[in-house]
Amino acid sequence: MPDLNFIPHPLTGTPYGTALDLCIILAITAYLLSVITREYSWVDRLWTICPPIYCLIVAASLDFESARVNLMTLLVCLWGARLTFNYARKGGFAKGGEDYRWLEIRKRIGPARFQLLNLTFIAPGQMLIVWLFTAPIHIAWVYQDVALTWIDVVTALVFFTLWIGEIAGDEQMWRFQQEKKRKIAAGEPIEQGFMTSGLFAYCRHPSYFCELGMWWSFYWFAIAASGQLVTWTMPGFIALTMIFFGSSRLAESISLSKYPSYADYQASTPRIIPFTGIGKIRKSR
């Protein structure tokens with residue numbers, strides 16, 4: 001794909017610079033669509049497909065001849081396939097499939113401040129973060145002649161293992177929600193409205209743990225390629241971590257308002273990192 005030359009920037013003329021140009025165009029499109037349709041999940045829909053596209057742009061620029069870039073692209077395509085499937089079966093791509101959390105935020109901060117949030121963060125901010133946490137593949141492109149190392153092998157194994165874990169968590173939550181819907185339709189009592197078994201017995205958000213683990217480990221490819229612990233792509237997974245912690249806090253406040261017993265779950269189970277006490281919330285007396 002040729003450079004789009006949308007605006008001048010330091011990566012102009014590189015394949016990942018083309019990805020940035022595309023990111024800017026998609027951010028503007030997502031914002032305009034949100035204003036026109038009054039749905040604010042357009043970035044959520046793009047989130048599932050942009051990282052694979054960005055990686056494919058880089059891999060194609062090398063005629064798929066770089067082992068590290070190809071490996072990274074394959075893993076990100078697997079990531080995108082899982083996320084796209086799970087998001088689609090929950091109705092995320094359908095009309096009216098807006099994430100319920102955006103509605104909750106609108107209620108809490110009011111329409112004027114929400115539109116400011118949409119203009120600054122929901123559309124452009126999130127799209128930039130998606131581009132940024134995928135950016136280690138640019139480092140692999142810069143150091144394309146560096147051979148694969150044991151770090152790449154370990155990183156790929158960690159990423160793939162967490163990918164399998166996220167599939168398991170998706171399926172457990174899907175079955176739980178489908179059974180809950182069935183009971184509601186049949187007028188049967190629901191003993192507990194939230195998931196606490198399977199992977200959810202080890203942390204309250206196992207999918208977040210796997211997701212963050214995958215993108216933290218994805219950065220290791222940049223380390224393997226460049227030999228540097230710190231590169232300019234590091235803020236990507238850091239920003240993603242901040243988003244997930246904020247998102248989980250909002251989701252839990254909604255769950256707690258609907259299910260008072262959720263406080264017991266918060267007190268007994270870590271929020272994101274299993275087998276730790278991190279994120280456990282002591283019940284107020």
# chains A, B, ... in the order shown; residues from 1 in each chain; ligands from 1
>>> residues_around(residues="stretch 147-157 of chain A", least_positions_apart="6", cutoff="9 Å", atoms="only C-alpha atoms", output="tab-separated table (two decimals) with C-alpha atoms, in the first residue's frame")
chain	number	residue	atom	x	y	z
A	66	SER	CA	10.71	-11.17	7.50
A	67	ALA	CA	10.27	-14.06	9.94
A	68	ARG	CA	9.71	-11.82	12.96
A	71	LEU	CA	5.19	-14.11	13.25
A	72	MET	CA	3.93	-10.89	14.82
A	75	LEU	CA	-0.37	-13.60	16.16
A	214	MET	CA	-0.74	-10.31	25.10
A	217	SER	CA	4.36	-9.47	25.65
A	218	PHE	CA	3.94	-8.15	22.08
A	219	TYR	CA	6.31	-5.34	23.08
A	220	TRP	CA	8.99	-7.97	23.75
A	221	PHE	CA	9.30	-8.46	20.00
A	223	ILE	CA	13.13	-5.72	22.49
A	224	ALA	CA	14.24	-8.84	20.62
A	225	ALA	CA	14.59	-6.92	17.36
>>> residues_around(residues="stretch 229-231 of chain A", least_positions_apart="2", cutoff="12 Å", atoms="only C-alpha atoms", output="list in words")
Leu132, Phe133, Ala135, Pro136, Ile137, His138, Ile139, Ala140, Tyr219, Trp220, Phe221, Ala222, Ile223, Ala224, Ala225, Ser226, Gly227, Thr233, Met234, Pro235, Gly236 and Phe237 of chain A
>>> residues_around(residues="stretch 113-125 of chain A", least_positions_apart="6", cutoff="9 Å", atoms="only C-alpha atoms", output="list of chain:residue names")
A:Cys23, A:Ile24, A:Leu26, A:Ala27, A:Ile28, A:Thr29, A:Ala30, A:Tyr31, A:Ser34, A:Val35, A:Tyr40, A:Ser41, A:Trp42, A:Val43, A:Ile105, A:Arg106, A:Lys107
>>> atom_distance(atom1="atom CA of A:Ile109", atom2="atom CA of A:Leu128")
23.4 Å
>>> atom_distance(atom1="atom CA of A:Tyr54", atom2="atom CA of A:Gln126")
15.2 Å
>>> residues_around(residues="stretch 271-284 of chain A", least_positions_apart="6", cutoff="9 Å", atoms="only C-alpha atoms", output="compact mmCIF listing (two decimals) with N, CA and C atoms, in the first residue's frame")
# COMPACT_ATOMS: atom_id res chain seq x y z
N ALA A 201 -13.05 -17.39 38.70
CA ALA A 201 -12.77 -17.68 40.10
C ALA A 201 -11.38 -17.19 40.49
N TYR A 202 -10.51 -16.94 39.51
CA TYR A 202 -9.14 -16.54 39.78
C TYR A 202 -8.94 -15.03 39.71
N CYS A 203 -9.73 -14.36 38.88
CA CYS A 203 -9.75 -12.90 38.86
C CYS A 203 -11.08 -12.46 38.27
N ARG A 204 -11.47 -11.24 38.55
CA ARG A 204 -12.80 -10.77 38.14
C ARG A 204 -12.86 -10.46 36.65
N HIS A 205 -11.70 -10.24 36.03
CA HIS A 205 -11.67 -9.91 34.60
C HIS A 205 -10.56 -10.70 33.91
N PRO A 206 -10.74 -12.01 33.76
CA PRO A 206 -9.68 -12.82 33.14
C PRO A 206 -9.39 -12.42 31.69
N SER A 207 -10.40 -11.94 30.96
CA SER A 207 -10.16 -11.52 29.59
C SER A 207 -9.24 -10.30 29.55
N TYR A 208 -9.41 -9.41 30.52
CA TYR A 208 -8.53 -8.24 30.59
C TYR A 208 -7.10 -8.67 30.91
N PHE A 209 -6.97 -9.65 31.81
CA PHE A 209 -5.63 -10.15 32.15
C PHE A 209 -4.95 -10.71 30.91
N PHE A 245 -8.10 -0.57 33.17
CA PHE A 245 -8.38 -0.38 34.59
C PHE A 245 -9.56 0.56 34.78
N SER A 248 -12.77 -1.41 33.67
CA SER A 248 -13.19 -2.42 34.65
C SER A 248 -13.81 -1.76 35.88
N ALA A 263 -20.16 -7.17 45.94
CA ALA A 263 -19.13 -6.69 46.88
C ALA A 263 -18.38 -7.85 47.50
N ASP A 264 -19.06 -8.97 47.73
CA ASP A 264 -18.38 -10.16 48.27
C ASP A 264 -17.36 -10.69 47.27
N TYR A 265 -17.73 -10.68 46.01
CA TYR A 265 -16.83 -11.13 44.95
C TYR A 265 -15.62 -10.21 44.85
>>> atom_distance(atom1="atom CA of A:Gly110", atom2="atom CA of A:Glu39")
15.5 Å
>>> residues_around(residues="A:Trp47", least_positions_apart="5", cutoff="9 Å", atoms="only C-alpha atoms", output="ChimeraX atom specification")
/A:42,80,83-84,126-127,130
>>> residues_around(residues="A:Tyr262", least_positions_apart="3", cutoff="12 Å", atoms="only C-alpha atoms", output="ChimeraX atom specification")
/A:192-196,204,251-259,265-269,280-283
>>> select_by_dssp(residues="stretch 84-250 of chain A", states="alpha helix (DSSP H)", output="tab-separated table (two decimals) with N, CA and C atoms, in the first residue's frame")
chain	number	residue	atom	x	y	z
A	84	THR	N	-13.05	-10.33	16.90
A	84	THR	CA	-14.11	-10.02	15.95
A	84	THR	C	-15.26	-11.01	16.09
A	85	PHE	N	-14.94	-12.30	16.22
A	85	PHE	CA	-15.97	-13.32	16.39
A	85	PHE	C	-16.77	-13.09	17.65
A	86	ASN	N	-16.08	-12.86	18.76
A	86	ASN	CA	-16.78	-12.70	20.03
A	86	ASN	C	-17.62	-11.43	20.05
A	87	TYR	N	-17.09	-10.37	19.46
A	87	TYR	CA	-17.82	-9.10	19.41
A	87	TYR	C	-19.05	-9.22	18.51
A	88	ALA	N	-18.91	-9.96	17.40
A	88	ALA	CA	-20.02	-10.12	16.46
A	88	ALA	C	-21.15	-10.94	17.07
A	89	ARG	N	-20.83	-12.02	17.77
A	89	ARG	CA	-21.89	-12.87	18.31
A	89	ARG	C	-22.64	-12.20	19.47
A	100	TYR	N	-22.85	-0.79	26.44
A	100	TYR	CA	-23.70	-0.21	27.48
A	100	TYR	C	-22.97	0.80	28.36
A	101	ARG	N	-21.65	0.70	28.38
A	101	ARG	CA	-20.89	1.61	29.25
A	101	ARG	C	-20.90	3.04	28.74
A	102	TRP	N	-21.00	3.22	27.41
A	102	TRP	CA	-21.07	4.59	26.90
A	102	TRP	C	-22.36	5.27	27.36
A	103	LEU	N	-23.45	4.52	27.40
A	103	LEU	CA	-24.71	5.08	27.89
A	103	LEU	C	-24.57	5.49	29.36
A	104	GLU	N	-23.89	4.66	30.12
A	104	GLU	CA	-23.71	4.96	31.54
A	104	GLU	C	-22.85	6.22	31.73
A	105	ILE	N	-21.82	6.35	30.91
A	105	ILE	CA	-20.97	7.54	31.01
A	105	ILE	C	-21.76	8.79	30.65
A	106	ARG	N	-22.59	8.71	29.61
A	106	ARG	CA	-23.42	9.86	29.22
A	106	ARG	C	-24.32	10.29	30.37
A	107	LYS	N	-24.87	9.32	31.09
A	107	LYS	CA	-25.74	9.62	32.22
A	107	LYS	C	-24.97	10.32	33.33
A	108	ARG	N	-23.73	9.91	33.52
A	108	ARG	CA	-22.96	10.41	34.66
A	108	ARG	C	-22.37	11.79	34.42
A	109	ILE	N	-21.94	12.08	33.18
A	109	ILE	CA	-21.24	13.35	32.95
A	109	ILE	C	-22.07	14.36	32.16
A	111	PRO	N	-24.62	15.39	28.58
A	111	PRO	CA	-24.41	15.37	27.13
A	111	PRO	C	-23.29	16.28	26.64
A	112	ALA	N	-23.13	17.47	27.22
A	112	ALA	CA	-22.11	18.40	26.73
A	112	ALA	C	-20.71	17.85	26.97
A	113	ARG	N	-20.44	17.41	28.19
A	113	ARG	CA	-19.12	16.88	28.49
A	113	ARG	C	-18.87	15.56	27.76
A	114	PHE	N	-19.94	14.80	27.52
A	114	PHE	CA	-19.78	13.55	26.79
A	114	PHE	C	-19.36	13.83	25.35
A	115	GLN	N	-19.93	14.86	24.73
A	115	GLN	CA	-19.54	15.19	23.36
A	115	GLN	C	-18.08	15.67	23.31
A	116	LEU	N	-17.64	16.37	24.34
A	116	LEU	CA	-16.23	16.76	24.42
A	116	LEU	C	-15.34	15.52	24.55
A	117	LEU	N	-15.80	14.56	25.37
A	117	LEU	CA	-15.07	13.31	25.53
A	117	LEU	C	-15.00	12.56	24.20
A	124	PRO	N	-10.71	9.90	18.45
A	124	PRO	CA	-9.29	10.03	18.10
A	124	PRO	C	-8.34	9.41	19.12
A	125	GLY	N	-8.63	9.60	20.40
A	125	GLY	CA	-7.72	9.10	21.43
A	125	GLY	C	-7.59	7.59	21.40
A	126	GLN	N	-8.71	6.90	21.35
A	126	GLN	CA	-8.67	5.44	21.35
A	126	GLN	C	-8.05	4.89	20.07
A	127	MET	N	-8.36	5.51	18.93
A	127	MET	CA	-7.77	5.04	17.68
A	127	MET	C	-6.26	5.19	17.70
A	128	LEU	N	-5.77	6.28	18.28
A	128	LEU	CA	-4.33	6.47	18.38
A	128	LEU	C	-3.70	5.41	19.27
A	129	ILE	N	-4.38	5.08	20.37
A	129	ILE	CA	-3.86	4.06	21.28
A	129	ILE	C	-3.80	2.70	20.60
A	130	VAL	N	-4.83	2.36	19.81
A	130	VAL	CA	-4.83	1.10	19.06
A	130	VAL	C	-3.63	1.05	18.13
A	131	TRP	N	-3.38	2.15	17.44
A	131	TRP	CA	-2.22	2.21	16.55
A	131	TRP	C	-0.92	2.07	17.35
A	132	LEU	N	-0.88	2.70	18.51
A	132	LEU	CA	0.35	2.75	19.28
A	132	LEU	C	0.70	1.40	19.91
A	133	PHE	N	-0.31	0.66	20.42
A	133	PHE	CA	0.07	-0.62	21.04
A	133	PHE	C	0.40	-1.69	19.99
A	136	PRO	N	5.04	-1.93	17.99
A	136	PRO	CA	6.28	-2.71	18.02
A	136	PRO	C	6.61	-3.37	16.69
A	137	ILE	N	5.61	-3.59	15.84
A	137	ILE	CA	5.92	-4.20	14.54
A	137	ILE	C	6.74	-3.24	13.68
A	138	HIS	N	6.63	-1.94	13.94
A	138	HIS	CA	7.49	-0.99	13.21
A	138	HIS	C	8.94	-1.17	13.62
A	139	ILE	N	9.18	-1.43	14.90
A	139	ILE	CA	10.55	-1.68	15.36
A	139	ILE	C	11.09	-2.94	14.69
A	140	ALA	N	10.25	-3.96	14.57
A	140	ALA	CA	10.67	-5.18	13.87
A	140	ALA	C	10.98	-4.89	12.41
A	141	TRP	N	10.25	-3.97	11.81
A	141	TRP	CA	10.52	-3.58	10.41
A	141	TRP	C	11.85	-2.84	10.31
A	142	VAL	N	12.11	-1.94	11.24
A	142	VAL	CA	13.38	-1.20	11.22
A	142	VAL	C	14.56	-2.15	11.33
A	150	TRP	N	15.60	-16.42	21.11
A	150	TRP	CA	14.79	-17.14	22.09
A	150	TRP	C	13.71	-16.24	22.68
A	151	ILE	N	13.96	-14.92	22.70
A	151	ILE	CA	12.95	-13.98	23.21
A	151	ILE	C	11.70	-14.02	22.33
A	152	ASP	N	11.90	-14.10	21.02
A	152	ASP	CA	10.76	-14.19	20.11
A	152	ASP	C	9.96	-15.46	20.36
A	153	VAL	N	10.66	-16.56	20.57
A	153	VAL	CA	9.98	-17.85	20.80
A	153	VAL	C	9.16	-17.81	22.08
A	154	VAL	N	9.77	-17.33	23.15
A	154	VAL	CA	9.06	-17.23	24.42
A	154	VAL	C	7.87	-16.27	24.30
A	155	THR	N	8.08	-15.15	23.63
A	155	THR	CA	7.01	-14.16	23.46
A	155	THR	C	5.84	-14.76	22.70
A	156	ALA	N	6.13	-15.48	21.62
A	156	ALA	CA	5.07	-16.10	20.83
A	156	ALA	C	4.30	-17.12	21.66
A	157	LEU	N	4.99	-17.90	22.47
A	157	LEU	CA	4.34	-18.91	23.31
A	157	LEU	C	3.45	-18.24	24.36
A	158	VAL	N	3.95	-17.17	24.96
A	158	VAL	CA	3.15	-16.45	25.96
A	158	VAL	C	1.91	-15.84	25.31
A	159	PHE	N	2.10	-15.18	24.19
A	159	PHE	CA	0.99	-14.55	23.48
A	159	PHE	C	-0.07	-15.61	23.11
A	160	PHE	N	0.38	-16.73	22.55
A	160	PHE	CA	-0.56	-17.77	22.10
A	160	PHE	C	-1.29	-18.39	23.29
A	161	THR	N	-0.58	-18.61	24.39
A	161	THR	CA	-1.21	-19.19	25.58
A	161	THR	C	-2.28	-18.26	26.12
A	162	LEU	N	-1.99	-16.99	26.18
A	162	LEU	CA	-2.97	-16.02	26.65
A	162	LEU	C	-4.15	-15.90	25.68
A	163	TRP	N	-3.88	-16.06	24.39
A	163	TRP	CA	-4.95	-16.07	23.38
A	163	TRP	C	-5.92	-17.23	23.64
A	164	ILE	N	-5.36	-18.40	23.92
A	164	ILE	CA	-6.21	-19.56	24.25
A	164	ILE	C	-7.00	-19.28	25.53
A	165	GLY	N	-6.34	-18.66	26.52
A	165	GLY	CA	-7.03	-18.34	27.76
A	165	GLY	C	-8.19	-17.38	27.54
A	166	GLU	N	-8.00	-16.43	26.65
A	166	GLU	CA	-9.08	-15.47	26.38
A	166	GLU	C	-10.24	-16.15	25.67
A	167	ILE	N	-9.95	-17.08	24.78
A	167	ILE	CA	-11.02	-17.85	24.13
A	167	ILE	C	-11.82	-18.61	25.18
A	168	ALA	N	-11.13	-19.22	26.14
A	168	ALA	CA	-11.81	-19.97	27.20
A	168	ALA	C	-12.69	-19.04	28.03
A	169	GLY	N	-12.17	-17.87	28.39
A	169	GLY	CA	-12.96	-16.92	29.16
A	169	GLY	C	-14.17	-16.42	28.39
A	170	ASP	N	-13.99	-16.15	27.09
A	170	ASP	CA	-15.10	-15.73	26.25
A	170	ASP	C	-16.22	-16.77	26.26
A	171	GLU	N	-15.83	-18.02	26.09
A	171	GLU	CA	-16.82	-19.09	25.99
A	171	GLU	C	-17.54	-19.29	27.32
A	172	GLN	N	-16.80	-19.22	28.41
A	172	GLN	CA	-17.43	-19.36	29.73
A	172	GLN	C	-18.44	-18.25	29.97
A	173	MET	N	-18.09	-17.01	29.65
A	173	MET	CA	-19.00	-15.89	29.84
A	173	MET	C	-20.19	-15.98	28.89
A	174	TRP	N	-19.95	-16.40	27.66
A	174	TRP	CA	-21.03	-16.53	26.68
A	174	TRP	C	-22.09	-17.53	27.16
A	175	ARG	N	-21.63	-18.69	27.61
A	175	ARG	CA	-22.56	-19.72	28.09
A	175	ARG	C	-23.32	-19.24	29.32
A	176	PHE	N	-22.62	-18.54	30.19
A	176	PHE	CA	-23.28	-18.02	31.39
A	176	PHE	C	-24.38	-17.02	31.02
A	177	GLN	N	-24.05	-16.10	30.13
A	177	GLN	CA	-25.03	-15.07	29.73
A	177	GLN	C	-26.20	-15.67	28.96
A	178	GLN	N	-25.92	-16.67	28.12
A	178	GLN	CA	-27.01	-17.30	27.38
A	178	GLN	C	-27.96	-18.05	28.32
A	179	GLU	N	-27.41	-18.71	29.31
A	179	GLU	CA	-28.25	-19.40	30.30
A	179	GLU	C	-29.04	-18.41	31.14
A	180	LYS	N	-28.43	-17.30	31.45
A	180	LYS	CA	-29.13	-16.26	32.20
A	180	LYS	C	-30.30	-15.70	31.39
A	181	LYS	N	-30.07	-15.45	30.11
A	181	LYS	CA	-31.15	-14.97	29.25
A	181	LYS	C	-32.27	-16.00	29.14
A	182	ARG	N	-31.89	-17.28	29.06
A	182	ARG	CA	-32.90	-18.34	28.98
A	182	ARG	C	-33.78	-18.37	30.22
A	183	LYS	N	-33.15	-18.24	31.38
A	183	LYS	CA	-33.90	-18.25	32.63
A	183	LYS	C	-34.83	-17.05	32.73
A	184	ILE	N	-34.34	-15.89	32.31
A	184	ILE	CA	-35.18	-14.69	32.34
A	184	ILE	C	-36.40	-14.87	31.44
A	185	ALA	N	-36.17	-15.41	30.23
A	185	ALA	CA	-37.27	-15.62	29.28
A	185	ALA	C	-38.27	-16.64	29.80
A	186	ALA	N	-37.77	-17.63	30.55
A	186	ALA	CA	-38.65	-18.68	31.06
A	186	ALA	C	-39.26	-18.32	32.41
A	206	PRO	N	-10.74	-12.01	33.76
A	206	PRO	CA	-9.68	-12.82	33.14
A	206	PRO	C	-9.39	-12.42	31.69
A	207	SER	N	-10.40	-11.94	30.96
A	207	SER	CA	-10.16	-11.52	29.59
A	207	SER	C	-9.24	-10.30	29.55
A	208	TYR	N	-9.41	-9.41	30.52
A	208	TYR	CA	-8.53	-8.24	30.59
A	208	TYR	C	-7.10	-8.67	30.91
A	209	PHE	N	-6.97	-9.65	31.81
A	209	PHE	CA	-5.63	-10.15	32.15
A	209	PHE	C	-4.95	-10.71	30.91
A	210	CYS	N	-5.68	-11.53	30.16
A	210	CYS	CA	-5.10	-12.12	28.95
A	210	CYS	C	-4.80	-11.06	27.91
A	211	GLU	N	-5.72	-10.13	27.73
A	211	GLU	CA	-5.55	-9.08	26.72
A	211	GLU	C	-4.33	-8.22	27.03
A	212	LEU	N	-4.22	-7.77	28.26
A	212	LEU	CA	-3.07	-6.95	28.63
A	212	LEU	C	-1.77	-7.75	28.53
A	213	GLY	N	-1.83	-9.02	28.95
A	213	GLY	CA	-0.65	-9.87	28.86
A	213	GLY	C	-0.17	-10.04	27.43
A	214	MET	N	-1.11	-10.16	26.50
A	214	MET	CA	-0.74	-10.31	25.10
A	214	MET	C	-0.02	-9.07	24.57
A	215	TRP	N	-0.55	-7.89	24.89
A	215	TRP	CA	0.06	-6.67	24.34
A	215	TRP	C	1.31	-6.25	25.09
A	216	TRP	N	1.39	-6.61	26.38
A	216	TRP	CA	2.66	-6.39	27.08
A	216	TRP	C	3.73	-7.29	26.48
A	217	SER	N	3.37	-8.55	26.23
A	217	SER	CA	4.36	-9.47	25.65
A	217	SER	C	4.67	-9.10	24.21
A	218	PHE	N	3.70	-8.56	23.47
A	218	PHE	CA	3.94	-8.15	22.08
A	218	PHE	C	5.09	-7.15	22.01
A	219	TYR	N	5.21	-6.33	23.03
A	219	TYR	CA	6.31	-5.34	23.08
A	219	TYR	C	7.67	-6.03	23.13
A	220	TRP	N	7.71	-7.26	23.66
A	220	TRP	CA	8.99	-7.97	23.75
A	220	TRP	C	9.60	-8.21	22.37
A	221	PHE	N	8.76	-8.31	21.35
A	221	PHE	CA	9.30	-8.46	20.00
A	221	PHE	C	10.18	-7.27	19.63
A	222	ALA	N	9.76	-6.08	20.07
A	222	ALA	CA	10.56	-4.88	19.81
A	222	ALA	C	11.90	-4.97	20.53
A	223	ILE	N	11.89	-5.54	21.74
A	223	ILE	CA	13.13	-5.72	22.49
A	223	ILE	C	14.04	-6.71	21.78
A	224	ALA	N	13.45	-7.82	21.32
A	224	ALA	CA	14.24	-8.84	20.62
A	224	ALA	C	14.86	-8.29	19.35
A	225	ALA	N	14.11	-7.45	18.63
A	225	ALA	CA	14.59	-6.92	17.36
A	225	ALA	C	15.66	-5.85	17.55
A	226	SER	N	15.41	-4.95	18.49
A	226	SER	CA	16.29	-3.78	18.63
A	226	SER	C	17.40	-3.96	19.65
A	235	PRO	N	4.66	3.44	25.33
A	235	PRO	CA	3.41	4.02	25.86
A	235	PRO	C	2.14	3.32	25.37
A	236	GLY	N	2.23	2.54	24.31
A	236	GLY	CA	1.04	1.88	23.79
A	236	GLY	C	0.40	0.93	24.79
A	237	PHE	N	1.18	-0.04	25.29
A	237	PHE	CA	0.59	-0.99	26.22
A	237	PHE	C	0.33	-0.35	27.59
A	238	ILE	N	1.06	0.72	27.90
A	238	ILE	CA	0.80	1.44	29.15
A	238	ILE	C	-0.55	2.15	29.08
A	239	ALA	N	-0.83	2.82	27.96
A	239	ALA	CA	-2.12	3.49	27.78
A	239	ALA	C	-3.26	2.48	27.76
A	240	LEU	N	-3.03	1.33	27.13
A	240	LEU	CA	-4.05	0.28	27.10
A	240	LEU	C	-4.36	-0.21	28.51
A	241	THR	N	-3.35	-0.34	29.32
A	241	THR	CA	-3.54	-0.76	30.71
A	241	THR	C	-4.41	0.24	31.46
A	242	MET	N	-4.16	1.51	31.26
A	242	MET	CA	-4.94	2.54	31.92
A	242	MET	C	-6.41	2.50	31.48
A	243	ILE	N	-6.63	2.26	30.18
A	243	ILE	CA	-8.00	2.15	29.68
A	243	ILE	C	-8.72	0.98	30.34
A	244	PHE	N	-8.05	-0.16	30.42
A	244	PHE	CA	-8.69	-1.36	30.96
A	244	PHE	C	-8.99	-1.22	32.44
A	245	PHE	N	-8.10	-0.57	33.17
A	245	PHE	CA	-8.38	-0.38	34.59
A	245	PHE	C	-9.56	0.56	34.78
A	246	GLY	N	-9.64	1.60	33.96
A	246	GLY	CA	-10.78	2.50	34.04
A	246	GLY	C	-12.06	1.83	33.61
A	247	SER	N	-12.00	1.04	32.55
A	247	SER	CA	-13.17	0.34	32.04
A	247	SER	C	-13.69	-0.68	33.05
A	248	SER	N	-12.77	-1.41	33.67
A	248	SER	CA	-13.19	-2.42	34.65
A	248	SER	C	-13.81	-1.76	35.88
A	249	ARG	N	-13.29	-0.61	36.26
A	249	ARG	CA	-13.86	0.10	37.41
A	249	ARG	C	-15.29	0.55	37.11
A	250	LEU	N	-15.52	1.06	35.90
A	250	LEU	CA	-16.87	1.48	35.51
A	250	LEU	C	-17.81	0.28	35.46
>>> decode(residues="stretch 219-285 of chain A", atoms="C-alpha atoms", output="compact mmCIF listing (two decimals), in the first residue's frame")
# COMPACT_ATOMS: atom_id res chain seq x y z
CA TYR A 219 6.31 -5.34 23.08
CA TRP A 220 8.99 -7.97 23.75
CA PHE A 221 9.30 -8.46 20.00
CA ALA A 222 10.56 -4.88 19.81
CA ILE A 223 13.13 -5.72 22.49
CA ALA A 224 14.24 -8.84 20.62
CA ALA A 225 14.59 -6.92 17.36
CA SER A 226 16.29 -3.78 18.63
CA GLY A 227 18.16 -5.03 21.68
CA GLN A 228 16.73 -2.04 23.57
CA LEU A 229 14.50 -2.30 26.63
CA VAL A 230 12.90 1.09 26.01
CA THR A 231 11.55 2.26 22.65
CA TRP A 232 9.04 4.95 21.68
CA THR A 233 6.34 2.27 21.31
CA MET A 234 6.25 1.54 25.04
CA PRO A 235 3.41 4.02 25.86
CA GLY A 236 1.04 1.88 23.79
CA PHE A 237 0.59 -0.99 26.22
CA ILE A 238 0.80 1.44 29.15
CA ALA A 239 -2.12 3.49 27.78
CA LEU A 240 -4.05 0.28 27.10
CA THR A 241 -3.54 -0.76 30.71
CA MET A 242 -4.94 2.54 31.92
CA ILE A 243 -8.00 2.15 29.68
CA PHE A 244 -8.69 -1.36 30.96
CA PHE A 245 -8.38 -0.38 34.59
CA GLY A 246 -10.78 2.50 34.04
CA SER A 247 -13.17 0.34 32.04
CA SER A 248 -13.19 -2.42 34.65
CA ARG A 249 -13.86 0.10 37.41
CA LEU A 250 -16.87 1.48 35.51
CA ALA A 251 -18.21 -1.99 34.71
CA GLU A 252 -17.88 -3.04 38.34
CA SER A 253 -19.71 0.03 39.60
CA ILE A 254 -22.61 -0.92 37.32
CA SER A 255 -22.55 -4.55 38.51
CA LEU A 256 -22.45 -3.44 42.13
CA SER A 257 -25.49 -1.20 41.61
CA LYS A 258 -27.44 -4.17 40.22
CA TYR A 259 -26.09 -6.92 42.48
CA PRO A 260 -25.17 -5.93 46.06
CA SER A 261 -23.56 -9.35 46.54
CA TYR A 262 -20.95 -8.33 43.96
CA ALA A 263 -19.13 -6.69 46.88
CA ASP A 264 -18.38 -10.16 48.27
CA TYR A 265 -16.83 -11.13 44.95
CA GLN A 266 -14.74 -7.94 44.94
CA ALA A 267 -13.51 -8.72 48.44
CA SER A 268 -12.51 -12.31 47.71
CA THR A 269 -11.13 -12.18 44.16
CA PRO A 270 -8.43 -9.96 42.61
CA ARG A 271 -9.57 -7.60 39.88
CA ILE A 272 -7.21 -8.49 37.01
CA ILE A 273 -4.05 -10.27 38.19
CA PRO A 274 -4.77 -13.84 39.41
CA PHE A 275 -3.26 -15.32 42.57
CA THR A 276 -2.62 -11.90 44.11
CA GLY A 277 -4.42 -9.59 46.46
CA ILE A 278 -4.22 -6.75 43.95
CA GLY A 279 -7.60 -5.20 43.32
CA LYS A 280 -9.45 -6.89 46.16
CA ILE A 281 -11.84 -4.39 47.67
CA ARG A 282 -12.59 -4.64 51.36
CA LYS A 283 -16.29 -4.41 52.08
CA SER A 284 -17.36 -1.26 53.91
CA ARG A 285 -19.08 -1.91 57.20
